[in-house]
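Heads up, run_15.txt below (compact mmCIF, C-alpha atoms):
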```
# COMPACT_ATOMS: atom_id res chain seq x y z
CA MET G 1 0.00 0.00 0.00
CA THR G 2 1.27 3.46 -0.82
CA LYS G 3 1.80 6.09 1.79
CA LEU G 4 -0.67 8.45 0.13
CA SER G 5 -3.49 5.87 -0.01
CA LYS G 6 -2.95 4.99 3.65
CA SER G 7 -2.96 8.65 4.59
CA ILE G 8 -6.22 9.22 2.68
CA LEU G 9 -7.87 6.24 4.36
CA GLY G 10 -6.61 7.62 7.68
CA THR G 11 -8.30 10.97 6.91
CA ILE G 12 -11.53 9.17 6.00
CA LYS G 13 -11.48 7.27 9.28
CA LYS G 14 -10.41 10.24 11.38
CA ASN G 15 -13.19 12.45 10.02
CA LYS G 16 -15.70 9.57 10.17
CA ILE G 17 -16.56 10.09 6.51
CA GLN G 18 -19.23 7.69 5.27
CA PRO G 19 -20.59 7.01 1.78
CA ARG G 20 -23.86 8.85 1.17
CA SER G 21 -26.89 6.59 1.23
CA ARG G 22 -28.14 5.20 -2.06
CA TRP G 23 -31.62 6.64 -1.48
CA GLN G 24 -30.21 10.19 -1.54
CA PHE G 25 -28.91 9.65 -5.07
CA VAL G 26 -32.09 7.87 -6.14
CA LEU G 27 -34.16 10.77 -4.80
CA LEU G 28 -32.01 13.29 -6.69
CA HIS G 29 -32.42 11.37 -9.94
CA VAL G 30 -36.17 11.00 -9.40
CA LEU G 31 -36.51 14.74 -8.72
CA LEU G 32 -34.53 15.47 -11.86
CA TRP G 33 -36.82 13.31 -13.99
CA VAL G 34 -39.92 14.82 -12.35
CA ALA G 35 -38.62 18.30 -13.18
CA LEU G 36 -37.92 17.16 -16.73
CA ALA G 37 -41.42 15.66 -17.10
CA THR G 38 -42.91 18.87 -15.66
CA SER G 39 -41.05 20.98 -18.19
CA VAL G 40 -42.33 18.77 -21.03
CA VAL G 41 -45.90 19.14 -19.73
CA LEU G 42 -45.48 22.93 -19.42
CA GLY G 43 -43.97 23.05 -22.91
CA SER G 44 -46.95 21.10 -24.26
CA LEU G 45 -49.35 23.48 -22.52
CA ALA G 46 -47.51 26.44 -24.04
CA ILE G 47 -47.78 24.86 -27.49
CA SER G 48 -51.51 24.22 -27.02
CA VAL G 49 -52.07 27.87 -26.04
CA ILE G 50 -49.97 29.08 -28.99
CA LEU G 51 -52.07 26.95 -31.34
CA ARG G 52 -55.21 28.23 -29.68
CA VAL G 53 -54.13 31.85 -30.12
CA ILE G 54 -53.12 31.38 -33.75
CA THR G 55 -56.27 29.48 -34.73
CA GLY G 56 -58.56 31.49 -32.48
CA VAL G 57 -58.33 34.69 -34.47
CA ASP G 58 -60.40 35.35 -37.52
CA TRP G 59 -57.92 35.26 -40.35
CA GLU G 60 -60.21 37.24 -42.65
CA ILE G 61 -59.68 40.30 -40.46
CA VAL G 62 -56.00 39.51 -39.89
CA ARG G 63 -55.39 39.29 -43.64
CA TYR G 64 -57.44 42.48 -44.15
CA VAL G 65 -55.36 44.40 -41.60
CA GLY G 66 -51.93 42.90 -42.34
CA ASN G 67 -49.69 43.90 -45.21
CA GLY G 68 -49.17 40.53 -46.76
CA ALA G 69 -49.12 37.00 -45.37
CA ILE G 70 -45.94 37.32 -43.30
CA HIS G 71 -46.98 40.58 -41.67
CA SER G 72 -50.42 39.11 -40.93
CA PHE G 73 -48.83 36.09 -39.29
CA MET G 74 -46.49 38.30 -37.24
CA LEU G 75 -49.50 40.27 -36.00
CA VAL G 76 -51.05 37.12 -34.58
CA LEU G 77 -48.00 35.38 -33.08
CA PRO G 78 -48.18 35.27 -29.26
CA TYR G 79 -44.61 36.36 -28.51
CA ILE G 80 -44.93 35.96 -24.74
CA TRP G 81 -45.92 32.33 -25.14
CA ILE G 82 -43.19 31.72 -27.66
CA ALA G 83 -40.67 33.20 -25.20
CA ILE G 84 -42.09 31.04 -22.39
CA LEU G 85 -41.84 27.99 -24.65
CA GLY G 86 -38.22 28.84 -25.50
CA LEU G 87 -37.40 29.14 -21.80
CA ILE G 88 -39.08 25.82 -21.01
CA MET G 89 -37.27 24.09 -23.89
CA PHE G 90 -33.97 25.51 -22.66
CA LEU G 91 -34.72 24.28 -19.13
CA ALA G 92 -35.72 20.83 -20.42
CA THR G 93 -32.50 20.56 -22.41
CA MET G 94 -30.43 21.57 -19.38
CA LEU G 95 -32.26 19.07 -17.18
CA PHE G 96 -31.85 16.29 -19.72
CA GLU G 97 -28.11 16.93 -19.90
CA LYS G 98 -27.98 16.52 -16.10
CA THR G 99 -29.49 13.04 -16.26
CA LYS G 100 -27.08 10.13 -15.99
CA LYS G 101 -26.69 9.54 -19.70
CA GLY G 102 -28.09 12.76 -21.11
CA TYR G 103 -24.65 14.05 -22.10
CA ARG G 104 -24.29 11.21 -24.62
CA TYR G 105 -26.81 12.86 -26.94
CA SER G 106 -26.11 15.87 -29.08
CA PRO G 107 -27.75 19.04 -27.70
CA VAL G 108 -29.30 19.73 -31.11
CA MET G 109 -30.95 16.30 -31.11
CA VAL G 110 -32.16 16.87 -27.54
CA VAL G 111 -33.72 20.22 -28.47
CA ILE G 112 -35.35 18.77 -31.62
CA THR G 113 -36.72 15.77 -29.69
CA SER G 114 -37.98 18.00 -26.92
CA VAL G 115 -39.73 20.29 -29.45
CA VAL G 116 -41.26 17.31 -31.30
CA ILE G 117 -42.55 15.75 -28.05
CA SER G 118 -44.01 19.08 -26.92
CA LEU G 119 -45.57 19.61 -30.36
CA LEU G 120 -47.21 16.17 -30.29
CA PHE G 121 -48.52 16.51 -26.74
CA GLY G 122 -49.34 20.19 -27.24
CA SER G 123 -51.39 19.43 -30.37
CA GLY G 124 -53.24 16.72 -28.47
CA LEU G 125 -53.98 19.12 -25.62
CA TYR G 126 -55.11 21.75 -28.13
CA PHE G 127 -57.53 19.36 -29.84
CA VAL G 128 -59.17 18.42 -26.55
CA GLY G 129 -59.57 22.12 -25.73
CA VAL G 130 -56.90 22.50 -23.03
CA GLY G 131 -55.23 25.42 -24.82
CA HIS G 132 -58.52 27.29 -24.86
CA SER G 133 -59.19 26.53 -21.19
CA VAL G 134 -55.71 27.64 -20.10
CA ASP G 135 -55.88 30.81 -22.19
CA THR G 136 -59.34 31.67 -20.84
CA ALA G 137 -58.48 30.80 -17.23
CA LEU G 138 -55.36 32.95 -17.35
CA ALA G 139 -57.26 35.87 -18.87
CA GLU G 140 -59.92 35.57 -16.18
CA SER G 141 -57.59 35.23 -13.24
CA ILE G 142 -54.64 37.41 -14.21
CA PRO G 143 -55.78 40.89 -15.30
CA PRO G 144 -52.41 41.87 -16.86
CA TYR G 145 -52.64 38.77 -19.08
CA ALA G 146 -56.10 39.83 -20.26
CA THR G 147 -54.80 43.35 -20.86
CA TRP G 148 -51.86 41.98 -22.87
CA LYS G 149 -54.22 39.91 -24.99
CA GLU G 150 -56.44 42.90 -25.68
CA LYS G 151 -53.46 45.09 -26.49
CA ARG G 152 -52.21 42.48 -28.92
CA ASP G 153 -55.65 42.29 -30.50
CA GLY G 154 -55.65 46.10 -30.59
CA ALA G 155 -53.37 45.79 -33.62
CA MET G 156 -56.46 44.70 -35.54
CA VAL G 157 -58.28 47.93 -34.69
CA VAL G 158 -57.88 50.16 -37.76
CA PRO G 159 -61.23 51.94 -38.22
CA ASP G 160 -59.85 54.23 -40.95
CA ARG G 161 -59.19 51.12 -43.02
CA GLY G 162 -62.57 49.65 -42.12
CA ALA G 163 -61.67 47.10 -39.44
CA LEU G 164 -62.77 46.95 -35.81
CA VAL G 165 -62.19 44.28 -33.21
CA GLY G 166 -63.67 44.55 -29.75
CA ARG G 167 -66.35 43.54 -27.27
CA ILE G 168 -70.09 44.14 -27.47
CA ILE G 169 -71.17 46.33 -24.57
CA ASN G 170 -74.77 47.03 -25.54
CA LEU G 171 -77.24 45.33 -27.85
CA MET G 172 -79.26 48.48 -28.56
CA SER G 173 -81.66 47.18 -31.23
CA ASP G 174 -81.91 44.91 -34.23
CA GLU G 175 -80.09 47.61 -36.17
CA GLN G 176 -77.49 48.92 -33.75
CA ILE G 177 -75.04 47.62 -31.24
CA MET G 178 -72.47 49.37 -29.13
CA MET G 179 -68.99 47.94 -28.88
CA ILE G 180 -65.70 48.93 -27.32
CA ASP G 181 -62.67 48.20 -29.45
CA PHE G 182 -59.48 46.72 -28.03
CA LYS G 183 -57.90 50.16 -28.01
CA GLY G 184 -60.65 51.44 -25.72
CA THR G 185 -62.83 53.48 -28.09
CA LYS G 186 -66.60 53.07 -27.93
CA TRP G 187 -68.43 52.67 -31.22
CA THR G 188 -72.07 52.66 -32.26
CA VAL G 189 -72.19 50.08 -35.01
CA ASP G 190 -74.95 49.99 -37.60
CA ILE G 191 -75.56 46.32 -38.39
CA THR G 192 -78.64 46.74 -40.60
CA ASP G 193 -77.01 45.44 -43.79
CA ALA G 194 -74.33 43.36 -42.11
CA GLU G 195 -73.61 39.88 -43.28
CA PHE G 196 -72.66 37.38 -40.58
CA LYS G 197 -69.67 35.28 -41.53
CA ASP G 198 -70.69 32.35 -39.38
CA ASP G 199 -74.18 31.97 -38.12
CA PHE G 200 -74.04 32.99 -34.51
CA ARG G 201 -76.02 34.96 -32.00
CA LEU G 202 -74.74 38.31 -30.79
CA GLN G 203 -74.29 38.41 -27.06
CA LEU G 204 -73.14 40.95 -24.54
CA ARG G 205 -69.39 40.87 -23.82
CA GLN G 206 -68.85 38.79 -26.91
CA SER G 207 -65.68 39.53 -28.86
CA ILE G 208 -66.36 40.23 -32.51
CA GLY G 209 -64.61 41.52 -35.58
CA VAL G 210 -66.33 44.00 -37.88
CA LEU G 211 -65.40 44.95 -41.42
CA GLY G 212 -67.13 47.99 -42.84
CA GLU G 213 -66.82 51.73 -42.98
CA LYS G 214 -66.10 54.43 -40.46
CA ILE G 215 -68.94 56.95 -40.60
CA ASP G 216 -67.91 59.25 -37.77
CA GLU G 217 -65.46 59.33 -34.86
CA ASP G 218 -67.69 56.94 -32.90
CA GLU G 219 -69.92 55.50 -35.59
CA PHE G 220 -69.25 52.56 -37.82
CA LYS G 221 -71.30 50.84 -40.51
CA ALA G 222 -70.81 47.08 -40.52
CA LYS G 223 -70.71 45.12 -43.74
CA ARG G 224 -69.45 41.89 -42.33
CA ILE G 225 -69.39 40.61 -38.74
CA MET G 226 -67.47 37.65 -37.45
CA LEU G 227 -66.65 36.06 -34.14
CA TRP G 228 -63.26 36.96 -32.76
CA LYS G 229 -61.75 33.87 -31.18
CA PRO G 230 -64.59 31.43 -31.39
CA PRO G 231 -64.37 28.45 -29.02
CA VAL G 232 -62.18 25.60 -30.19
CA ARG G 233 -65.20 23.33 -30.26
CA PRO G 234 -68.12 25.30 -31.69
CA GLU G 235 -70.60 22.79 -30.38
CA GLY G 236 -69.40 23.65 -26.88
CA LYS G 237 -70.14 27.10 -25.61
CA MET G 238 -71.75 28.60 -28.69
CA ARG G 239 -75.26 27.51 -29.51
CA PRO G 240 -76.32 26.85 -33.13
CA PRO G 241 -77.72 29.84 -35.02
CA THR G 242 -81.36 30.80 -34.60
CA PRO G 243 -81.92 33.89 -36.75
CA PRO G 244 -85.01 35.26 -35.01
CA ASP G 245 -83.19 34.99 -31.76
CA ARG G 246 -80.05 36.62 -33.11
CA PHE G 247 -79.97 39.33 -30.51
CA LYS G 248 -80.10 38.36 -26.94
CA ASN G 249 -79.10 40.30 -23.87
CA ILE G 250 -77.63 37.78 -21.50
CA ASP G 251 -77.66 40.24 -18.59
CA MET Q 1 -6.29 -12.72 3.78
CA GLN Q 2 -8.40 -12.22 0.68
CA ASP Q 3 -6.73 -11.58 -2.68
CA TYR Q 4 -8.27 -8.40 -3.99
CA SER Q 5 -6.01 -8.05 -6.98
CA LYS Q 6 -8.24 -10.29 -9.09
CA LYS Q 7 -11.44 -8.53 -8.14
CA THR Q 8 -13.07 -6.17 -10.63
CA ASP Q 9 -13.53 -2.51 -9.79
CA ALA Q 10 -17.27 -3.03 -9.36
CA GLU Q 11 -16.65 -5.89 -6.93
CA LEU Q 12 -14.23 -3.77 -4.95
CA VAL Q 13 -16.84 -0.99 -4.77
CA SER Q 14 -19.38 -3.44 -3.32
CA LEU Q 15 -16.82 -4.75 -0.85
CA THR Q 16 -15.75 -1.22 0.15
CA LEU Q 17 -19.34 -0.41 1.08
CA LYS Q 18 -19.16 -3.28 3.57
CA ASP Q 19 -15.55 -2.83 4.65
CA GLN Q 20 -13.83 0.57 4.54
CA GLU Q 21 -10.37 -1.04 4.38
CA VAL Q 22 -11.03 -2.42 0.90
CA PHE Q 23 -11.01 1.15 -0.39
CA LEU Q 24 -7.22 1.01 -0.06
CA TYR Q 25 -7.08 -1.47 -2.94
CA LEU Q 26 -9.25 0.72 -5.14
CA MET Q 27 -7.07 3.73 -4.34
CA GLU Q 28 -3.94 1.80 -5.08
CA ARG Q 29 -5.30 0.76 -8.45
CA TYR Q 30 -5.94 4.34 -9.54
CA GLU Q 31 -3.52 6.42 -7.51
CA LYS Q 32 -0.70 6.61 -10.06
CA LYS Q 33 -2.96 7.09 -13.08
CA LEU Q 34 -5.02 9.84 -11.45
CA PHE Q 35 -1.97 11.54 -9.98
CA ARG Q 36 -0.36 11.65 -13.41
CA TYR Q 37 -3.60 12.88 -15.01
CA ILE Q 38 -3.94 15.70 -12.46
CA ARG Q 39 -0.36 16.84 -13.03
CA HIS Q 40 -0.59 16.67 -16.81
CA PHE Q 41 -3.91 18.38 -16.98
CA SER Q 42 -3.38 21.12 -14.41
CA GLY Q 43 0.36 21.54 -14.27
CA VAL Q 44 0.27 21.83 -10.49
CA ASN Q 45 3.27 20.78 -8.42
CA ARG Q 46 3.55 17.41 -6.69
CA GLU Q 47 2.19 18.60 -3.33
CA THR Q 48 -0.84 20.30 -4.82
CA ALA Q 49 -1.53 17.27 -7.01
CA GLU Q 50 -1.48 15.08 -3.88
CA ASP Q 51 -3.90 17.44 -2.14
CA ILE Q 52 -6.23 17.31 -5.13
CA LEU Q 53 -5.93 13.53 -5.28
CA GLN Q 54 -6.87 13.28 -1.61
CA GLU Q 55 -10.00 15.36 -2.25
CA VAL Q 56 -10.76 13.20 -5.28
CA PHE Q 57 -10.56 9.93 -3.34
CA ILE Q 58 -12.66 11.32 -0.50
CA LYS Q 59 -15.27 12.40 -3.04
CA ILE Q 60 -15.17 8.99 -4.70
CA TYR Q 61 -15.64 7.33 -1.31
CA LYS Q 62 -18.56 9.59 -0.36
CA ASN Q 63 -20.28 8.93 -3.69
CA LEU Q 64 -19.67 5.19 -4.00
CA ASN Q 65 -23.41 4.54 -3.90
CA ASP Q 66 -23.86 6.72 -6.97
CA PHE Q 67 -21.47 4.64 -9.08
CA ASP Q 68 -23.24 3.44 -12.20
CA LEU Q 69 -22.15 0.02 -13.48
CA ASP Q 70 -23.00 1.07 -17.05
CA LEU Q 71 -20.41 3.83 -16.90
CA GLY Q 72 -17.35 1.85 -15.84
CA PHE Q 73 -15.45 2.69 -12.69
CA SER Q 74 -12.46 4.08 -14.53
CA SER Q 75 -14.52 6.66 -16.46
CA TRP Q 76 -16.40 7.54 -13.30
CA VAL Q 77 -13.26 8.23 -11.24
CA TYR Q 78 -11.67 10.15 -14.09
CA ARG Q 79 -14.81 12.30 -14.30
CA ILE Q 80 -14.65 13.06 -10.58
CA THR Q 81 -10.93 13.83 -10.92
CA HIS Q 82 -11.61 16.09 -13.90
CA ASN Q 83 -14.27 18.05 -11.99
CA GLU Q 84 -12.25 18.26 -8.78
CA THR Q 85 -9.11 19.37 -10.61
CA ILE Q 86 -11.03 22.12 -12.38
CA ASN Q 87 -12.52 23.25 -9.05
CA GLN Q 88 -9.11 23.31 -7.40
CA ILE Q 89 -7.53 25.18 -10.33
CA LYS Q 90 -10.29 27.76 -10.13
CA LYS Q 91 -9.65 28.10 -6.41
CA ILE Q 92 -5.97 28.76 -6.82
CA ASN Q 93 -6.67 30.74 -9.98
CA ARG Q 94 -3.56 29.65 -11.72
CA HIS Q 95 -4.95 27.82 -14.70
CA LYS Q 96 -3.64 30.26 -17.26
CA THR Q 97 -0.06 30.40 -16.09
CA LEU Q 98 0.53 26.77 -15.15
CA PRO Q 99 3.41 25.05 -16.90
CA ILE Q 100 2.76 21.59 -18.21
CA GLU Q 101 4.22 18.82 -16.08
CA THR Q 102 5.11 15.76 -18.11
CA ASP Q 103 7.63 12.99 -17.80
CA ASP Q 104 10.04 12.41 -20.69
CA ASP Q 105 8.41 9.05 -21.37
CA ASP Q 106 5.01 10.65 -21.71
CA VAL Q 107 6.33 13.25 -24.10
CA LYS Q 108 7.97 10.51 -26.19
CA SER Q 109 4.74 8.56 -26.43
CA LEU Q 110 2.83 11.67 -27.41
CA ILE Q 111 5.40 12.38 -30.13
CA ASP Q 112 5.11 8.80 -31.43
CA ILE Q 113 1.34 9.03 -31.68
CA LEU Q 114 1.22 12.50 -33.10
CA GLU Q 115 3.82 11.58 -35.70
CA SER Q 116 1.11 9.85 -37.66
CA ASP Q 117 -0.82 13.10 -37.87
CA VAL Q 118 1.91 15.69 -38.00
CA ASN Q 119 5.31 15.62 -39.60
CA ILE Q 120 8.02 16.09 -37.09
CA VAL Q 121 11.33 17.46 -38.25
CA LYS Q 122 13.62 14.45 -38.41
CA ASP Q 123 16.95 16.02 -37.62
CA ILE Q 124 15.84 17.67 -34.40
CA LYS Q 125 17.65 16.48 -31.27
CA LYS Q 126 15.55 14.24 -29.02
CA LYS Q 127 16.03 16.40 -25.96
CA ASP Q 128 15.05 19.52 -27.89
CA LEU Q 129 12.06 17.72 -29.30
CA GLN Q 130 10.81 16.72 -25.88
CA GLN Q 131 11.23 20.25 -24.62
CA LYS Q 132 9.38 21.63 -27.59
CA VAL Q 133 6.50 19.18 -27.30
CA ARG Q 134 6.24 20.06 -23.63
CA LYS Q 135 6.20 23.72 -24.58
CA VAL Q 136 3.53 23.15 -27.23
CA LEU Q 137 1.37 21.24 -24.75
CA SER Q 138 1.64 24.06 -22.23
CA MET Q 139 0.57 26.52 -24.89
CA LEU Q 140 -2.56 24.60 -25.85
CA SER Q 141 -5.87 25.79 -24.46
CA PRO Q 142 -6.80 23.76 -21.32
CA ASP Q 143 -9.65 21.92 -23.06
CA PHE Q 144 -7.45 20.84 -25.95
CA ARG Q 145 -4.57 19.95 -23.66
CA GLU Q 146 -6.80 17.78 -21.51
CA ILE Q 147 -8.35 15.93 -24.43
CA LEU Q 148 -4.92 15.13 -25.93
CA ILE Q 149 -3.72 13.92 -22.52
CA LEU Q 150 -6.76 11.67 -22.12
CA ARG Q 151 -6.49 10.31 -25.65
CA TYR Q 152 -2.76 9.88 -26.04
CA LEU Q 153 -1.23 9.74 -22.58
CA ASP Q 154 -3.98 8.00 -20.67
CA GLU Q 155 -5.00 6.06 -23.79
CA LYS Q 156 -8.74 6.47 -23.32
CA ASP Q 157 -11.05 5.64 -26.18
CA TYR Q 158 -13.71 8.05 -27.47
CA LYS Q 159 -16.49 6.54 -25.38
CA GLU Q 160 -14.45 6.77 -22.20
CA ILE Q 161 -13.52 10.38 -22.95
CA SER Q 162 -17.19 11.07 -23.65
CA ASP Q 163 -18.10 9.62 -20.24
CA ILE Q 164 -15.32 11.48 -18.43
CA LEU Q 165 -15.97 14.90 -19.96
CA LYS Q 166 -19.75 14.37 -20.25
CA LYS Q 167 -19.78 15.32 -23.91
CA PRO Q 168 -21.29 13.44 -26.88
CA MET Q 169 -18.82 11.25 -28.79
CA GLY Q 170 -19.18 13.44 -31.88
CA THR Q 171 -18.07 16.45 -29.86
CA VAL Q 172 -15.13 14.45 -28.48
CA ALA Q 173 -14.00 13.56 -32.01
CA THR Q 174 -14.29 17.20 -33.07
CA LEU Q 175 -12.36 18.38 -30.01
CA ILE Q 176 -9.56 15.89 -30.65
CA ASN Q 177 -9.24 17.04 -34.25
CA ARG Q 178 -9.21 20.67 -33.23
CA ALA Q 179 -6.70 19.95 -30.48
CA LYS Q 180 -4.42 18.24 -33.00
CA ALA Q 181 -4.84 21.17 -35.37
CA GLN Q 182 -3.93 23.62 -32.62
CA PHE Q 183 -1.00 21.45 -31.60
CA LYS Q 184 0.21 21.44 -35.20
CA GLN Q 185 -0.22 25.19 -35.56
CA ILE Q 186 1.73 25.94 -32.39
CA ALA Q 187 4.33 23.32 -33.24
CA GLU Q 188 4.87 24.89 -36.66
CA LYS Q 189 5.49 28.26 -35.10
CA ASN Q 190 8.11 26.61 -32.91
CA ASN Q 191 9.74 24.87 -35.88
CA LEU Q 192 8.88 21.47 -34.44
CA ILE Q 193 7.08 20.21 -37.52
CA TYR Q 194 6.78 21.08 -41.17
CA LEU Q 195 3.87 20.77 -43.53
CA ILE Q 196 3.80 18.58 -46.59
CA SER Q 197 2.14 20.58 -49.34
```

Mind converting the file's structure to structure tokens?
Amino acid sequence: MTKLSKSILGTIKKNKIQPRSRWQFVLLHVLLWVALATSVVLGSLAISVILRVITGVDWEIVRYVGNGAIHSFMLVLPYIWIAILGLIMFLATMLFEKTKKGYRYSPVMVVITSVVISLLFGSGLYFVGVGHSVDTALAESIPPYATWKEKRDGAMVVPDRGALVGRIINLMSDEQIMMIDFKGTKWTVDITDAEFKDDFRLQLRQSIGVLGEKIDEDEFKAKRIMLWKPPVRPEGKMRPPTPPDRFKNID
Amino acid sequence: MQDYSKKTDAELVSLTLKDQEVFLYLMERYEKKLFRYIRHFSGVNRETAEDILQEVFIKIYKNLNDFDLDLGFSSWVYRITHNETINQIKKINRHKTLPIETDDDDVKSLIDILESDVNIVKDIKKKDLQQKVRKVLSMLSPDFREILILRYLDEKDYKEISDILKKPMGTVATLINRAKAQFKQIAEKNNLIYLIS
């Protein structure tokens, strides 16, 4: 035996150093995998909300407002969610590298796999309506989130070019409604000759898009009305159209 | 008295967990290799290398229950040594000015291996050559120096290096090629090798 080895064993004995228990390592590895699984779930949720946001808008208005396809798409992209997704993907990659054999895989492959898994799960969650539920729940419980959404949608408010997006605040008559656009301006909208894109019933607090003509600073004549962010599953919250019952005050 | 010399590393780990004394045999098996690796990699003097080695063995002992049979004990202890050496170098903050510590034999073996990749001037005196190779090694960036040491002095294969440095094998191959390229570049500047056009 060498002198150094004996001296090291002496130090171990003198300081009563003991090997750490196996369960401590097992627990650490389990926690790591739980964190990794959590980040994949969060990534999938983020994807489902992104899909919900992108498909929830009415692309007729988006295309009308945007200058070309790319600009239109940029108007709709939910940058906050994309940033959150990027952060989660980064975290998942870091966590995977910390697993026992994670370093054996190329980081690029890990990122691609992580994105593909999140896309698959995220699409599944979107199709069962989770993206819509998360988006709605966040908007209802976190006021700044709702404000951010409305501000983002405010980009679609260009009355001078004949486009309004906002919420119905008063169903005045069969011919007029009052709405507040997502930039905060109140409008009296003449819907006498308006064509409804999808058959639906106007309701208070409903978000709609209106294409038409600005008549005055607070008056707008609608030519075409559409739902802004209809539910993912139309058979869910929205009832089928019943023309005579088109206007209904839910309050 | 049991003969531990024929036991595998994994068996010795299991036995150490039951009997502390068996750890001596594990330490003896790796002491010289790890000591040499620490000195080559960090350039620290003998005393500091011994201090680092002591910390390494204590860490190995503390973490014996985390040893993964799939990894291989050798790669696992080299990984701990790599991490501990880096930590110690950071502590003493000397990593940029450390001279490379190599034995003449090591330098010779490195020259032999590198000869297949670079063309060493034939008429250079052996002693001068060794000094120059040592100088070139000391001038390499720490990452490149370490990977050449692991590959050519400690004779680790790509998978072992991948396990020690926790990098994918593709990255290891790239690093080795870059390290050789840097070695060649520095060696050329020092008139150690010439290029065949």

Contact set, chain G to chain Q: 7 Å, only C-alpha atoms, as a PyMOL selection string = chain G and resi 1-2+5-6+8-9+12+18-22+25+103-106

Distance in Å - atom CA of Tyr64 of chain G versus atom CA of Val210 of chain G = 11.0 Å

Six-sided padding of 6 Å per side, axis-aligned box over segment 151-166 of chain G, centre and edges in Å, one decimal, as AutoDock Vina command-line options:
```
--center_x -57.9 --center_y 48.3 --center_z -34.8 --size_x 23.5 --size_y 23.9 --size_z 28.5
```

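Going from atom CA of Lys229 of chain G over to atom CA of Arg52 of chain G, you cover 8.8 Å.
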
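A distance cut-off of 10 Å around (-9.3, 22.5, -12.0), counting only C-alpha atoms, selects these protein and nucleic acid residues: Ile38, Phe41, Ser42, Gly43, Val44, Ile52, Thr81, His82, Asn83, Glu84, Thr85, Ile86, Asn87, Gln88, Ile89, Lys90, Lys91, Ile92, Asn93, Arg94, His95 and Pro142 of chain Q.
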
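What separates atom CA of Leu45 of chain G from atom CA of Ser207 of chain G is a distance of 23.8 Å.
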
Nearest to Met178 of chain G among G:Asp218, G:Pro159, G:Gly122, G:Asp193, with distances taken over only C-alpha atoms: which residue is it?
-> G:Asp218

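Considering only C-alpha atoms, the residue among Q:Lys18, Q:Arg29, Q:His40, Q:Arg134 positioned nearest to Tyr4 of chain Q is Q:Arg29.
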
Neighbouring residues of Ile147 of chain Q were defined as those with any atom within 8 Å, considering only C-alpha atoms; residues of the same chain fewer than 3 positions away were excluded. Please report them as a compact mmCIF listing (two decimals) with C-alpha atoms, in the frame of the given file.
```txt
# COMPACT_ATOMS: atom_id res chain seq x y z
CA ASP Q 143 -9.65 21.92 -23.06
CA PHE Q 144 -7.45 20.84 -25.95
CA LEU Q 150 -6.76 11.67 -22.12
CA ARG Q 151 -6.49 10.31 -25.65
CA ILE Q 161 -13.52 10.38 -22.95
CA LEU Q 175 -12.36 18.38 -30.01
CA ILE Q 176 -9.56 15.89 -30.65
CA ALA Q 179 -6.70 19.95 -30.48
```
